[in-house]
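What's in input-v3.txt: compact mmCIF, N, CA and C atoms
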# COMPACT_ATOMS: atom_id res chain seq x y z
N MET A 1 -145.98 -106.15 -102.12
CA MET A 1 -145.68 -106.05 -100.71
C MET A 1 -145.89 -104.60 -100.27
N ASN A 2 -146.62 -104.42 -99.21
CA ASN A 2 -146.88 -103.10 -98.65
C ASN A 2 -145.75 -102.77 -97.68
N THR A 3 -144.97 -101.75 -97.94
CA THR A 3 -143.81 -101.45 -97.11
C THR A 3 -144.00 -100.19 -96.29
N THR A 4 -143.22 -100.08 -95.25
CA THR A 4 -143.19 -98.90 -94.40
C THR A 4 -141.74 -98.61 -94.02
N VAL A 5 -141.51 -97.47 -93.44
CA VAL A 5 -140.16 -97.07 -93.06
C VAL A 5 -140.01 -97.17 -91.55
N ILE A 6 -138.90 -97.73 -91.11
CA ILE A 6 -138.55 -97.78 -89.69
C ILE A 6 -137.32 -96.91 -89.51
N ASN A 7 -137.39 -95.97 -88.59
CA ASN A 7 -136.23 -95.14 -88.26
C ASN A 7 -135.67 -95.62 -86.93
N ILE A 8 -134.39 -95.96 -86.94
CA ILE A 8 -133.74 -96.39 -85.70
C ILE A 8 -132.46 -95.59 -85.51
N LYS A 9 -132.04 -95.48 -84.28
CA LYS A 9 -130.76 -94.84 -84.00
C LYS A 9 -129.74 -95.93 -83.73
N THR A 10 -128.59 -95.78 -84.37
CA THR A 10 -127.50 -96.72 -84.17
C THR A 10 -126.18 -96.00 -84.35
N ASP A 11 -125.12 -96.62 -83.91
CA ASP A 11 -123.79 -96.07 -84.04
C ASP A 11 -123.41 -95.94 -85.51
N LYS A 12 -122.81 -94.82 -85.89
CA LYS A 12 -122.45 -94.58 -87.30
C LYS A 12 -121.50 -95.65 -87.83
N ILE A 13 -120.51 -96.01 -87.02
CA ILE A 13 -119.53 -97.01 -87.46
C ILE A 13 -120.20 -98.37 -87.63
N LEU A 14 -121.09 -98.72 -86.70
CA LEU A 14 -121.82 -99.99 -86.80
C LEU A 14 -122.63 -100.03 -88.09
N LYS A 15 -123.32 -98.94 -88.39
CA LYS A 15 -124.13 -98.89 -89.62
C LYS A 15 -123.24 -99.04 -90.85
N LYS A 16 -122.13 -98.32 -90.88
CA LYS A 16 -121.21 -98.38 -92.02
C LYS A 16 -120.67 -99.79 -92.20
N ASP A 17 -120.24 -100.42 -91.08
CA ASP A 17 -119.70 -101.79 -91.15
C ASP A 17 -120.77 -102.78 -91.60
N ALA A 18 -122.00 -102.60 -91.08
CA ALA A 18 -123.10 -103.50 -91.46
C ALA A 18 -123.44 -103.34 -92.94
N GLN A 19 -123.46 -102.12 -93.43
CA GLN A 19 -123.74 -101.89 -94.85
C GLN A 19 -122.67 -102.52 -95.73
N ALA A 20 -121.42 -102.39 -95.32
CA ALA A 20 -120.32 -102.97 -96.10
C ALA A 20 -120.43 -104.49 -96.14
N LEU A 21 -120.73 -105.10 -94.99
CA LEU A 21 -120.86 -106.56 -94.93
C LEU A 21 -122.04 -107.03 -95.76
N ALA A 22 -123.16 -106.32 -95.65
CA ALA A 22 -124.34 -106.68 -96.45
C ALA A 22 -124.01 -106.59 -97.94
N LYS A 23 -123.29 -105.55 -98.31
CA LYS A 23 -122.90 -105.37 -99.72
C LYS A 23 -122.03 -106.54 -100.19
N ASN A 24 -121.13 -107.03 -99.31
CA ASN A 24 -120.31 -108.19 -99.66
C ASN A 24 -121.17 -109.42 -99.94
N PHE A 25 -122.33 -109.50 -99.27
CA PHE A 25 -123.26 -110.60 -99.52
C PHE A 25 -124.16 -110.31 -100.72
N GLY A 26 -124.03 -109.13 -101.30
CA GLY A 26 -124.84 -108.75 -102.45
C GLY A 26 -126.25 -108.32 -102.05
N LEU A 27 -126.40 -107.85 -100.82
CA LEU A 27 -127.72 -107.47 -100.31
C LEU A 27 -127.67 -106.06 -99.74
N PRO A 28 -128.81 -105.35 -99.83
CA PRO A 28 -128.88 -104.07 -99.12
C PRO A 28 -129.08 -104.34 -97.63
N LEU A 29 -128.68 -103.41 -96.80
CA LEU A 29 -128.83 -103.57 -95.36
C LEU A 29 -130.29 -103.79 -94.97
N SER A 30 -131.21 -103.16 -95.69
CA SER A 30 -132.64 -103.32 -95.37
C SER A 30 -133.08 -104.78 -95.52
N ALA A 31 -132.49 -105.51 -96.46
CA ALA A 31 -132.84 -106.92 -96.62
C ALA A 31 -132.39 -107.72 -95.41
N ILE A 32 -131.21 -107.41 -94.89
CA ILE A 32 -130.70 -108.10 -93.70
C ILE A 32 -131.61 -107.81 -92.50
N VAL A 33 -131.96 -106.55 -92.32
CA VAL A 33 -132.84 -106.18 -91.20
C VAL A 33 -134.18 -106.89 -91.34
N ASN A 34 -134.74 -106.94 -92.54
CA ASN A 34 -136.02 -107.62 -92.75
C ASN A 34 -135.94 -109.11 -92.45
N ILE A 35 -134.83 -109.73 -92.78
CA ILE A 35 -134.65 -111.15 -92.48
C ILE A 35 -134.71 -111.37 -90.97
N TYR A 36 -134.00 -110.51 -90.22
CA TYR A 36 -134.00 -110.64 -88.76
C TYR A 36 -135.38 -110.34 -88.17
N LEU A 37 -136.09 -109.36 -88.72
CA LEU A 37 -137.43 -109.05 -88.23
C LEU A 37 -138.39 -110.22 -88.48
N ARG A 38 -138.31 -110.82 -89.67
CA ARG A 38 -139.18 -111.97 -89.96
C ARG A 38 -138.89 -113.13 -89.00
N GLU A 39 -137.62 -113.38 -88.75
CA GLU A 39 -137.24 -114.44 -87.82
C GLU A 39 -137.74 -114.13 -86.40
N PHE A 40 -137.62 -112.89 -85.98
CA PHE A 40 -138.10 -112.45 -84.67
C PHE A 40 -139.59 -112.71 -84.52
N VAL A 41 -140.37 -112.37 -85.55
CA VAL A 41 -141.82 -112.57 -85.51
C VAL A 41 -142.15 -114.05 -85.56
N ARG A 42 -141.50 -114.79 -86.45
CA ARG A 42 -141.78 -116.22 -86.61
C ARG A 42 -141.41 -117.01 -85.35
N GLU A 43 -140.23 -116.76 -84.81
CA GLU A 43 -139.73 -117.53 -83.67
C GLU A 43 -140.21 -117.00 -82.32
N LYS A 44 -140.62 -115.73 -82.30
CA LYS A 44 -141.05 -115.07 -81.06
C LYS A 44 -139.97 -115.15 -79.98
N ARG A 45 -138.75 -114.91 -80.39
CA ARG A 45 -137.63 -114.93 -79.45
C ARG A 45 -136.49 -114.08 -79.99
N VAL A 46 -135.63 -113.69 -79.09
CA VAL A 46 -134.42 -112.95 -79.43
C VAL A 46 -133.24 -113.77 -78.94
N VAL A 47 -132.26 -113.94 -79.79
CA VAL A 47 -131.08 -114.73 -79.43
C VAL A 47 -129.90 -113.78 -79.26
N PHE A 48 -129.34 -113.79 -78.07
CA PHE A 48 -128.12 -113.04 -77.80
C PHE A 48 -126.99 -114.03 -77.69
N SER A 49 -125.87 -113.71 -78.30
CA SER A 49 -124.73 -114.62 -78.20
C SER A 49 -123.48 -113.82 -77.90
N GLU A 50 -122.55 -114.50 -77.30
CA GLU A 50 -121.28 -113.90 -76.95
C GLU A 50 -120.19 -114.82 -77.47
N PRO A 51 -119.10 -114.27 -77.97
CA PRO A 51 -118.03 -115.13 -78.46
C PRO A 51 -117.57 -116.09 -77.37
N LEU A 52 -117.27 -117.31 -77.77
CA LEU A 52 -116.78 -118.30 -76.82
C LEU A 52 -115.40 -117.88 -76.31
N MET A 53 -115.20 -118.00 -75.03
CA MET A 53 -113.93 -117.66 -74.41
C MET A 53 -113.38 -118.92 -73.73
N PRO A 54 -112.16 -119.30 -74.05
CA PRO A 54 -111.59 -120.49 -73.42
C PRO A 54 -111.33 -120.26 -71.92
N ASN A 55 -111.43 -121.36 -71.17
CA ASN A 55 -111.10 -121.25 -69.74
C ASN A 55 -109.58 -121.11 -69.59
N ALA A 56 -109.11 -120.91 -68.36
CA ALA A 56 -107.69 -120.65 -68.11
C ALA A 56 -106.79 -121.78 -68.61
N LYS A 57 -107.21 -123.03 -68.36
CA LYS A 57 -106.39 -124.18 -68.77
C LYS A 57 -106.27 -124.24 -70.31
N THR A 58 -107.40 -124.07 -70.98
CA THR A 58 -107.40 -124.11 -72.45
C THR A 58 -106.62 -122.93 -73.02
N ARG A 59 -106.77 -121.74 -72.42
CA ARG A 59 -106.04 -120.56 -72.87
C ARG A 59 -104.53 -120.79 -72.77
N LYS A 60 -104.10 -121.43 -71.69
CA LYS A 60 -102.68 -121.72 -71.49
C LYS A 60 -102.17 -122.68 -72.58
N LEU A 61 -102.96 -123.72 -72.90
CA LEU A 61 -102.59 -124.66 -73.96
C LEU A 61 -102.53 -123.97 -75.32
N LEU A 62 -103.50 -123.11 -75.59
CA LEU A 62 -103.51 -122.39 -76.87
C LEU A 62 -102.30 -121.46 -76.98
N ASP A 63 -102.00 -120.75 -75.89
CA ASP A 63 -100.84 -119.86 -75.90
C ASP A 63 -99.56 -120.63 -76.14
N GLN A 64 -99.44 -121.82 -75.53
CA GLN A 64 -98.24 -122.64 -75.73
C GLN A 64 -98.17 -123.13 -77.18
N ALA A 65 -99.30 -123.53 -77.74
CA ALA A 65 -99.32 -123.99 -79.12
C ALA A 65 -98.92 -122.87 -80.08
N ILE A 66 -99.40 -121.67 -79.83
CA ILE A 66 -99.04 -120.52 -80.67
C ILE A 66 -97.55 -120.23 -80.56
N ALA A 67 -97.02 -120.29 -79.34
CA ALA A 67 -95.59 -120.08 -79.14
C ALA A 67 -94.77 -121.14 -79.86
N ASP A 68 -95.21 -122.40 -79.79
CA ASP A 68 -94.52 -123.50 -80.48
C ASP A 68 -94.52 -123.28 -81.99
N ILE A 69 -95.66 -122.87 -82.53
CA ILE A 69 -95.77 -122.64 -83.98
C ILE A 69 -94.80 -121.54 -84.40
N LYS A 70 -94.77 -120.45 -83.63
CA LYS A 70 -93.88 -119.33 -83.96
C LYS A 70 -92.42 -119.75 -83.88
N ALA A 71 -92.12 -120.65 -82.94
CA ALA A 71 -90.73 -121.12 -82.77
C ALA A 71 -90.41 -122.30 -83.69
N GLY A 72 -91.39 -122.82 -84.39
CA GLY A 72 -91.16 -123.97 -85.27
C GLY A 72 -90.95 -125.26 -84.51
N LYS A 73 -91.47 -125.35 -83.28
CA LYS A 73 -91.30 -126.53 -82.45
C LYS A 73 -92.58 -127.37 -82.44
N ASN A 74 -92.39 -128.67 -82.16
CA ASN A 74 -93.52 -129.60 -81.98
C ASN A 74 -94.47 -129.61 -83.17
N LEU A 75 -93.93 -129.52 -84.36
CA LEU A 75 -94.74 -129.52 -85.57
C LEU A 75 -94.50 -130.79 -86.37
N ALA A 76 -95.50 -131.22 -87.10
CA ALA A 76 -95.38 -132.37 -87.98
C ALA A 76 -96.10 -132.05 -89.28
N GLY A 77 -95.66 -132.70 -90.35
CA GLY A 77 -96.33 -132.49 -91.63
C GLY A 77 -95.66 -131.35 -92.39
N PRO A 78 -96.22 -131.00 -93.51
CA PRO A 78 -97.47 -131.53 -94.07
C PRO A 78 -97.30 -132.95 -94.58
N PHE A 79 -98.41 -133.65 -94.66
CA PHE A 79 -98.42 -135.04 -95.07
C PHE A 79 -99.03 -135.17 -96.46
N LYS A 80 -98.55 -136.13 -97.20
CA LYS A 80 -99.06 -136.36 -98.56
C LYS A 80 -100.31 -137.23 -98.56
N SER A 81 -100.53 -137.97 -97.45
CA SER A 81 -101.70 -138.84 -97.38
C SER A 81 -102.08 -139.06 -95.92
N ALA A 82 -103.27 -139.58 -95.72
CA ALA A 82 -103.74 -139.90 -94.37
C ALA A 82 -102.88 -141.01 -93.77
N GLU A 83 -102.45 -141.94 -94.61
CA GLU A 83 -101.62 -143.04 -94.13
C GLU A 83 -100.29 -142.51 -93.60
N GLU A 84 -99.71 -141.56 -94.30
CA GLU A 84 -98.45 -140.96 -93.87
C GLU A 84 -98.64 -140.25 -92.53
N MET A 85 -99.75 -139.58 -92.36
CA MET A 85 -100.05 -138.90 -91.11
C MET A 85 -100.21 -139.92 -89.97
N THR A 86 -100.93 -141.01 -90.25
CA THR A 86 -101.15 -142.04 -89.23
C THR A 86 -99.84 -142.64 -88.78
N LYS A 87 -98.94 -142.92 -89.71
CA LYS A 87 -97.63 -143.48 -89.35
C LYS A 87 -96.86 -142.52 -88.45
N SER A 88 -96.92 -141.24 -88.77
CA SER A 88 -96.23 -140.24 -87.97
C SER A 88 -96.82 -140.18 -86.56
N LEU A 89 -98.13 -140.23 -86.45
CA LEU A 89 -98.77 -140.18 -85.13
C LEU A 89 -98.45 -141.41 -84.29
N LYS A 90 -98.36 -142.57 -84.92
CA LYS A 90 -98.05 -143.80 -84.18
C LYS A 90 -96.63 -143.79 -83.62
N LYS A 91 -95.74 -143.05 -84.26
CA LYS A 91 -94.36 -142.94 -83.78
C LYS A 91 -94.29 -142.12 -82.50
N ILE A 92 -95.25 -141.28 -82.26
CA ILE A 92 -95.25 -140.38 -81.10
C ILE A 92 -95.46 -141.14 -79.79
N LYS A 93 -96.21 -142.20 -79.82
CA LYS A 93 -96.52 -142.97 -78.62
C LYS A 93 -95.31 -143.17 -77.82

Represent the structure of the file as structure tokens.
Amino acid sequence: MNTTVINIKTDKILKKDAQALAKNFGLPLSAIVNIYLREFVREKRVVFSEPLMPNAKTRKLLDQAIADIKAGKNLAGPFKSAEEMTKSLKKIK
């Protein structure tokens, strides 16, 4: 394989974090960058993503569920079997 060097500017902390994560995967950071470059060339597209954010109604439900868990309220289980769980759920009706 004929290789070349690419110099890019990036945030020091981002580079350090990326190197650490790549190392956890057992790969050098250059391998990760090459994977993304190959995908970019093959697919001819760039994918940007943003973490999913719940809407106000869902956020309110999640906050209530977290509060209930911390308070030990509205909890069931653990169950020893699926049948035991089903019986518990049928009692809720």

Please return, as a VMD selection string, all residues of range 13-89 of chain A that DSSP assigns to helix (DSSP H, G or I) on the basis of the backbone. chain A and resid 13 to 24 29 to 43 56 to 71 82 to 89

Excluding range 7-24 of chain A and any residue of its chain fewer than 6 positions from it, enumerate the residues within 12 Å of it, using only C-alpha atoms, and give them as a list of chain:residue names.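 Everything that qualifies: A:Ser30, A:Ala31, A:Ile32, A:Val33, A:Ile35.
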
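The interatomic distance for the pair atom C of Ser88 in chain A and atom C of Lys73 in chain A works out to 14.1 Å.
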